[in-house]
Structure formats: structure tokens, C-alpha cells
Amino acid sequence: MTEMTQTPILEFKNVDTYYGNIQVLYDINFKIYPGELVCLLGGNASGKSTTLKTILGVCKVKKGAVKLRGEHINGLPTKKIIARGVAIVPENRRIFPRMSVLENLEMGAYLRSDTNQVKQDIENIFALFPLLKERINQAGVTLSGGEQQMLAMGRALLSNPDILLMDEPSMGLSPRLVDQQFELIEKVNRQGTTIFMVEQNANMALSIADRGYVLQTGAIVLADSAERLLSNEMMQEAYLGGTEACETGA
Ligand SMILES: Nc1ncnc2c1ncn2[C@@H]1O[C@H](COP(=O)(O)OP(=O)(O)OP(=O)(O)O)[C@@H](O)[C@H]1O
Ligand SMILES: [Mg+2]
């Protein structure tokens, strides 16, 4: 899957992140290549959201390098990092509650000046998420959790990102909606968007991802193909709930 000759879209090199004096990320290393769907797995408080906040410059890197398409982005303000092609579907989706579905989507494109292409891209989002089209004038607040997740994803995609970050897309959704959500994430990736997804639901995430990293108390303890992680013993015990999840691949 990984093309070593390509420049990664995103790279962490020996990254340490702190909140004040408290270290939360320890020597994090990973690379994400164009077109990949990579997941970062880990339990509560392992540092998943902090990793995304570090990419976005919300948390400052104390040591190490964060690179976007080979260029250092450490220390850049969040706005500039977003303008360079990073989009996020945050943990709580952050839909603008009083804005309509269409207005929420348009907000995703606020940095773009190619108005006609934006219109076309909004149509493409409606083709991907037909439910959103049916609710085009409905206020964001009235959407169900699953619909809000689609809207947050559509909005993020409208910035035309080089990489889409997703923070626990399965959170708060019923099992049926989780399945649906992951099918959509896979579809968006197959259409060419590079995705870095943070998840506690290791089984679901690995079922669609190319590769995965496992975070434990702020350090990466495993890095492998999704297939091999699914059959990894340590993964089985810690995150995959025993043998029923095991589809022998290695
Ligand atoms: N603003 C903050 N100030 C101080 N400590 C923080 C702050 N935000 C997070 N932390 C701490 O950093 C650690 C990692 O938090 P983080 O939110 O990255 O975990 P997570 O893996 O996303 O967890 P969850 O699955 O619960 O969302 C936790 O111990 C948390 O308490
Ligand atoms: Mg989190």
C-alpha cells in the first residue's frame, strides 16, 4: 500500500506534545501516503484527539516535526494549516445549529473562490449523501446524529482537502448507523480522499482501513497493515474483544 518513493501527505517525526508541563504524546512517528485510509486506534485518554490537535496546530509540538507534503507546519496557526489542505470532522461534529444543511455545506467552502466548482462539488456531496439533499433547507440542529455526521463530513470535503481527519466517527451512533457511516468513509476514500481516522472501534476502523497505528498512553505501540492488526494477538486482547473478531489473515 505504501509507496516509499512518494512524499507522504502527512508525517510525524519524533513528536512530543504537552499540555502545559504535562506530556501527552511521546515520540510519535507515522506517515500517511496519498490515497490511503489510515486509522489511529486507542482507548480513552490515549492521546488520539491530541494527535489531531497537534496536526491542526491547536496543540503545539515541543519536540519533533509535523510535515504536510514534506513541508514543516510546526508552529503555523491553525487557519494556515487548514488553508494548506487539512480538514477535520471533529469529535462532536460541530454543526452550525441554526444554519440550514446547505449553509453548513457552504461554510466548508468559505476559503474557495471557484464558485462554480463549489456548486458542482455540493451536488457531488448530495449524490454521496442523498439524505442531506432531502433536508437541504432544514436547520442543522434538527438532524439526527447520523445525518449530522454526514453533514460534518460533507462540509469538511467541500474544502477540497488533501487529507481528511476524522475524530471517532462512530461515536454516539447506533450499530446500524456505524455500519452505514463506515461504508461512506470507505466510499469517500475510494473516490480519492486521503483519510486519517481516529477510532476506539478498532474492528470497524480496521475493516475499512489500509493500515493502522495503536496508541497507548501517548505512545505508538503497534503499526501494521489493517489485515495483520486484525489478527494480532495483542490487538485481540486489548481492543478486538476476543476471537469472534478474528479473521485470520496472516
Ligand atoms: N486541554 C487539556 N489540558 C490538559 N490535559 C489534557 C487536555 N486535553 C486532553 N488532556 C489530557 O491528555 C490525555 C489525552 O487526551 P485525548 O483527548 O487526546 O485522548 P483521546 O484518546 O482522544 O480520548 P477519548 O477516546 O476519550 O476521546 C488525557 O489524559 C487528557 O486528560
Ligand atoms: Mg478523543
# chains A, B, ... in the order shown; residues from 1 in each chain; ligands from 1
>>> residues_near_ligand(ligand="ligand 2", cutoff="8 Å", atoms="only C-alpha atoms and all ligand atoms", output="list in words")
Asn44, Ala45, Gly47, Lys48, Ser49, Thr50, Glu91, Asp167, Glu168 and Val198 of chain A
>>> closest_atom_pairs(of="chain A", to="ligand 1", cutoff="12 Å", atoms="only C-alpha atoms and all ligand atoms", output="JSON lines")
{"residue": "A:Thr17", "atom": "CA", "partner": "ligand 1", "partner_atom_place_in_ligand_line": "12 (O)", "distance": 9.4}
{"residue": "A:Tyr18", "atom": "CA", "partner": "ligand 1", "partner_atom_place_in_ligand_line": "5 (N)", "distance": 8.0}
{"residue": "A:Tyr19", "atom": "CA", "partner": "ligand 1", "partner_atom_place_in_ligand_line": "4 (C)", "distance": 4.9}
{"residue": "A:Gly20", "atom": "CA", "partner": "ligand 1", "partner_atom_place_in_ligand_line": "4 (C)", "distance": 7.2}
{"residue": "A:Asn21", "atom": "CA", "partner": "ligand 1", "partner_atom_place_in_ligand_line": "4 (C)", "distance": 9.0}
{"residue": "A:Ile22", "atom": "CA", "partner": "ligand 1", "partner_atom_place_in_ligand_line": "5 (N)", "distance": 7.1}
{"residue": "A:Gln23", "atom": "CA", "partner": "ligand 1", "partner_atom_place_in_ligand_line": "12 (O)", "distance": 8.0}
{"residue": "A:Val24", "atom": "CA", "partner": "ligand 1", "partner_atom_place_in_ligand_line": "12 (O)", "distance": 5.3}
{"residue": "A:Leu25", "atom": "CA", "partner": "ligand 1", "partner_atom_place_in_ligand_line": "14 (C)", "distance": 8.0}
{"residue": "A:Tyr26", "atom": "CA", "partner": "ligand 1", "partner_atom_place_in_ligand_line": "14 (C)", "distance": 11.3}
{"residue": "A:Leu40", "atom": "CA", "partner": "ligand 1", "partner_atom_place_in_ligand_line": "21 (O)", "distance": 9.4}
{"residue": "A:Leu41", "atom": "CA", "partner": "ligand 1", "partner_atom_place_in_ligand_line": "21 (O)", "distance": 8.3}
{"residue": "A:Gly42", "atom": "CA", "partner": "ligand 1", "partner_atom_place_in_ligand_line": "21 (O)", "distance": 6.2}
{"residue": "A:Gly43", "atom": "CA", "partner": "ligand 1", "partner_atom_place_in_ligand_line": "25 (O)", "distance": 5.5}
{"residue": "A:Asn44", "atom": "CA", "partner": "ligand 1", "partner_atom_place_in_ligand_line": "25 (O)", "distance": 3.6}
{"residue": "A:Ala45", "atom": "CA", "partner": "ligand 1", "partner_atom_place_in_ligand_line": "19 (O)", "distance": 3.4}
{"residue": "A:Ser46", "atom": "CA", "partner": "ligand 1", "partner_atom_place_in_ligand_line": "21 (O)", "distance": 3.9}
{"residue": "A:Gly47", "atom": "CA", "partner": "ligand 1", "partner_atom_place_in_ligand_line": "18 (O)", "distance": 3.2}
{"residue": "A:Lys48", "atom": "CA", "partner": "ligand 1", "partner_atom_place_in_ligand_line": "21 (O)", "distance": 3.7}
{"residue": "A:Ser49", "atom": "CA", "partner": "ligand 1", "partner_atom_place_in_ligand_line": "22 (O)", "distance": 3.6}
{"residue": "A:Thr50", "atom": "CA", "partner": "ligand 1", "partner_atom_place_in_ligand_line": "18 (O)", "distance": 3.6}
{"residue": "A:Thr51", "atom": "CA", "partner": "ligand 1", "partner_atom_place_in_ligand_line": "18 (O)", "distance": 6.5}
{"residue": "A:Leu52", "atom": "CA", "partner": "ligand 1", "partner_atom_place_in_ligand_line": "18 (O)", "distance": 8.1}
{"residue": "A:Lys53", "atom": "CA", "partner": "ligand 1", "partner_atom_place_in_ligand_line": "18 (O)", "distance": 8.1}
{"residue": "A:Thr54", "atom": "CA", "partner": "ligand 1", "partner_atom_place_in_ligand_line": "18 (O)", "distance": 9.6}
{"residue": "A:Val58", "atom": "CA", "partner": "ligand 1", "partner_atom_place_in_ligand_line": "1 (N)", "distance": 9.9}
{"residue": "A:Cys59", "atom": "CA", "partner": "ligand 1", "partner_atom_place_in_ligand_line": "1 (N)", "distance": 8.7}
{"residue": "A:Lys60", "atom": "CA", "partner": "ligand 1", "partner_atom_place_in_ligand_line": "1 (N)", "distance": 11.6}
{"residue": "A:Pro90", "atom": "CA", "partner": "ligand 1", "partner_atom_place_in_ligand_line": "27 (O)", "distance": 10.6}
{"residue": "A:Glu91", "atom": "CA", "partner": "ligand 1", "partner_atom_place_in_ligand_line": "27 (O)", "distance": 7.6}
{"residue": "A:Asn92", "atom": "CA", "partner": "ligand 1", "partner_atom_place_in_ligand_line": "27 (O)", "distance": 10.2}
{"residue": "A:Met166", "atom": "CA", "partner": "ligand 1", "partner_atom_place_in_ligand_line": "22 (O)", "distance": 11.3}
{"residue": "A:Asp167", "atom": "CA", "partner": "ligand 1", "partner_atom_place_in_ligand_line": "22 (O)", "distance": 7.9}
{"residue": "A:Glu168", "atom": "CA", "partner": "ligand 1", "partner_atom_place_in_ligand_line": "27 (O)", "distance": 7.7}
{"residue": "A:Pro169", "atom": "CA", "partner": "ligand 1", "partner_atom_place_in_ligand_line": "27 (O)", "distance": 11.2}
{"residue": "A:Ser170", "atom": "CA", "partner": "ligand 1", "partner_atom_place_in_ligand_line": "25 (O)", "distance": 11.4}
{"residue": "A:Met171", "atom": "CA", "partner": "ligand 1", "partner_atom_place_in_ligand_line": "25 (O)", "distance": 9.5}
{"residue": "A:Met197", "atom": "CA", "partner": "ligand 1", "partner_atom_place_in_ligand_line": "22 (O)", "distance": 11.5}
{"residue": "A:Val198", "atom": "CA", "partner": "ligand 1", "partner_atom_place_in_ligand_line": "22 (O)", "distance": 8.0}
{"residue": "A:Glu199", "atom": "CA", "partner": "ligand 1", "partner_atom_place_in_ligand_line": "25 (O)", "distance": 7.6}
{"residue": "A:Gln200", "atom": "CA", "partner": "ligand 1", "partner_atom_place_in_ligand_line": "25 (O)", "distance": 6.5}
{"residue": "A:Asn201", "atom": "CA", "partner": "ligand 1", "partner_atom_place_in_ligand_line": "25 (O)", "distance": 10.0}
{"residue": "A:Ala202", "atom": "CA", "partner": "ligand 1", "partner_atom_place_in_ligand_line": "25 (O)", "distance": 11.9}
{"residue": "A:Val214", "atom": "CA", "partner": "ligand 1", "partner_atom_place_in_ligand_line": "21 (O)", "distance": 10.5}
{"residue": "A:Leu215", "atom": "CA", "partner": "ligand 1", "partner_atom_place_in_ligand_line": "21 (O)", "distance": 8.0}
{"residue": "A:Gln216", "atom": "CA", "partner": "ligand 1", "partner_atom_place_in_ligand_line": "21 (O)", "distance": 8.6}
{"residue": "A:Thr217", "atom": "CA", "partner": "ligand 1", "partner_atom_place_in_ligand_line": "14 (C)", "distance": 7.6}
{"residue": "A:Gly218", "atom": "CA", "partner": "ligand 1", "partner_atom_place_in_ligand_line": "14 (C)", "distance": 7.1}
{"residue": "A:Ala219", "atom": "CA", "partner": "ligand 1", "partner_atom_place_in_ligand_line": "14 (C)", "distance": 10.8}
{"residue": "A:Ile220", "atom": "CA", "partner": "ligand 1", "partner_atom_place_in_ligand_line": "21 (O)", "distance": 11.9}
>>> atom_distance(atom1="atom CA of A:Glu103", atom2="atom CA of A:Leu68")
29.2 Å
>>> select_by_dssp(residues="stretch 32-167 of chain A", states="helix (DSSP H, G or I)", output="ChimeraX atom specification")
/A:48-55,78-83,101-108,115-128,130-134,140-142,145-157
>>> atom_distance(atom1="atom CA of A:Leu222", atom2="atom CA of A:Glu186")
22.5 Å
>>> closest_residue(among="A:Tyr33, A:Tyr110, A:Phe126, A:Tyr239", to="A:Ile195", atoms="only C-alpha atoms")
A:Tyr33
>>> residues_around(residues="A:Arg84", least_positions_apart="3", cutoff="10 Å", atoms="only C-alpha atoms", output="PyMOL selection string")
chain A and resi 68-69+73+78-81+87+161-163
>>> select_by_dssp(residues="stretch 63-130 of chain A", states="strand (DSSP E)", output="ChimeraX atom specification")
/A:63-68,71-72,86-89
>>> write_last_selection(atoms="N, CA, C and O atoms", output="PDB file, in the first residue's frame")
ATOM      1  N   LYS A  63       8.754  18.932  20.689  1.00  0.00           N
ATOM      2  CA  LYS A  63       9.937  18.332  20.051  1.00  0.00           C
ATOM      3  C   LYS A  63       9.449  17.559  18.834  1.00  0.00           C
ATOM      4  O   LYS A  63       8.360  17.018  18.842  1.00  0.00           O
ATOM      5  N   GLY A  64      10.272  17.504  17.772  1.00  0.00           N
ATOM      6  CA  GLY A  64       9.907  16.726  16.599  1.00  0.00           C
ATOM      7  C   GLY A  64       9.321  17.578  15.496  1.00  0.00           C
ATOM      8  O   GLY A  64       9.281  18.804  15.601  1.00  0.00           O
ATOM      9  N   ALA A  65       8.872  16.911  14.436  1.00  0.00           N
ATOM     10  CA  ALA A  65       8.387  17.642  13.260  1.00  0.00           C
ATOM     11  C   ALA A  65       7.056  17.103  12.780  1.00  0.00           C
ATOM     12  O   ALA A  65       6.826  15.894  12.771  1.00  0.00           O
ATOM     13  N   VAL A  66       6.170  18.027  12.410  1.00  0.00           N
ATOM     14  CA  VAL A  66       4.940  17.676  11.711  1.00  0.00           C
ATOM     15  C   VAL A  66       5.092  18.213  10.303  1.00  0.00           C
ATOM     16  O   VAL A  66       5.373  19.400  10.110  1.00  0.00           O
ATOM     17  N   LYS A  67       4.956  17.326   9.306  1.00  0.00           N
ATOM     18  CA  LYS A  67       5.154  17.750   7.921  1.00  0.00           C
ATOM     19  C   LYS A  67       3.918  17.460   7.089  1.00  0.00           C
ATOM     20  O   LYS A  67       3.329  16.381   7.179  1.00  0.00           O
ATOM     21  N   LEU A  68       3.570  18.442   6.279  1.00  0.00           N
ATOM     22  CA  LEU A  68       2.461  18.295   5.344  1.00  0.00           C
ATOM     23  C   LEU A  68       3.076  18.372   3.949  1.00  0.00           C
ATOM     24  O   LEU A  68       3.728  19.373   3.617  1.00  0.00           O
ATOM     25  N   GLU A  71       6.545  19.572   3.916  1.00  0.00           N
ATOM     26  CA  GLU A  71       6.885  20.881   4.491  1.00  0.00           C
ATOM     27  C   GLU A  71       6.530  20.942   5.968  1.00  0.00           C
ATOM     28  O   GLU A  71       5.444  20.524   6.373  1.00  0.00           O
ATOM     29  N   HIS A  72       7.444  21.523   6.752  1.00  0.00           N
ATOM     30  CA  HIS A  72       7.195  21.677   8.176  1.00  0.00           C
ATOM     31  C   HIS A  72       5.989  22.571   8.415  1.00  0.00           C
ATOM     32  O   HIS A  72       5.896  23.643   7.838  1.00  0.00           O
ATOM     33  N   VAL A  86      -5.892  20.784   5.025  1.00  0.00           N
ATOM     34  CA  VAL A  86      -6.286  19.831   6.073  1.00  0.00           C
ATOM     35  C   VAL A  86      -7.728  20.149   6.481  1.00  0.00           C
ATOM     36  O   VAL A  86      -8.067  21.299   6.726  1.00  0.00           O
ATOM     37  N   ALA A  87      -8.572  19.121   6.537  1.00  0.00           N
ATOM     38  CA  ALA A  87      -9.946  19.320   7.014  1.00  0.00           C
ATOM     39  C   ALA A  87     -10.229  18.323   8.120  1.00  0.00           C
ATOM     40  O   ALA A  87      -9.628  17.246   8.166  1.00  0.00           O
ATOM     41  N   ILE A  88     -11.118  18.685   9.027  1.00  0.00           N
ATOM     42  CA  ILE A  88     -11.434  17.769  10.130  1.00  0.00           C
ATOM     43  C   ILE A  88     -12.936  17.619  10.333  1.00  0.00           C
ATOM     44  O   ILE A  88     -13.694  18.589  10.193  1.00  0.00           O
ATOM     45  N   VAL A  89     -13.328  16.398  10.615  1.00  0.00           N
ATOM     46  CA  VAL A  89     -14.670  16.133  11.140  1.00  0.00           C
ATOM     47  C   VAL A  89     -14.453  15.915  12.634  1.00  0.00           C
ATOM     48  O   VAL A  89     -13.948  14.876  13.044  1.00  0.00           O
TER      49      VAL A  89
END
>>> closest_residue(among="A:Asp16, A:Phe30, A:Asn124, A:Gly146", to="A:Gly172", atoms="only C-alpha atoms")
A:Gly146
>>> residues_around(residues="stretch 181-184 of chain A", least_positions_apart="3", cutoff="10 Å", atoms="only C-alpha atoms", output="ChimeraX atom specification")
/A:128-129,146-147,149-150,153,169-170,173,175-178,187-190,204-205,207-209
>>> atom_distance(atom1="atom CA of A:Ile55", atom2="atom CA of A:Gly192")
20.7 Å
>>> closest_residue(among="A:Gly108, A:Gly57, A:Gly35, A:Gly140", to="A:Gly154", atoms="only C-alpha atoms")
A:Gly108
>>> closest_residue(among="A:Leu157, A:Leu131, A:Ser144, A:Asp210", to="A:Ser174", atoms="only C-alpha atoms")
A:Ser144
>>> closest_residue(among="A:Leu102, A:Leu143, A:Cys39, A:Ile32", to="A:Pro8", atoms="only C-alpha atoms")
A:Ile32
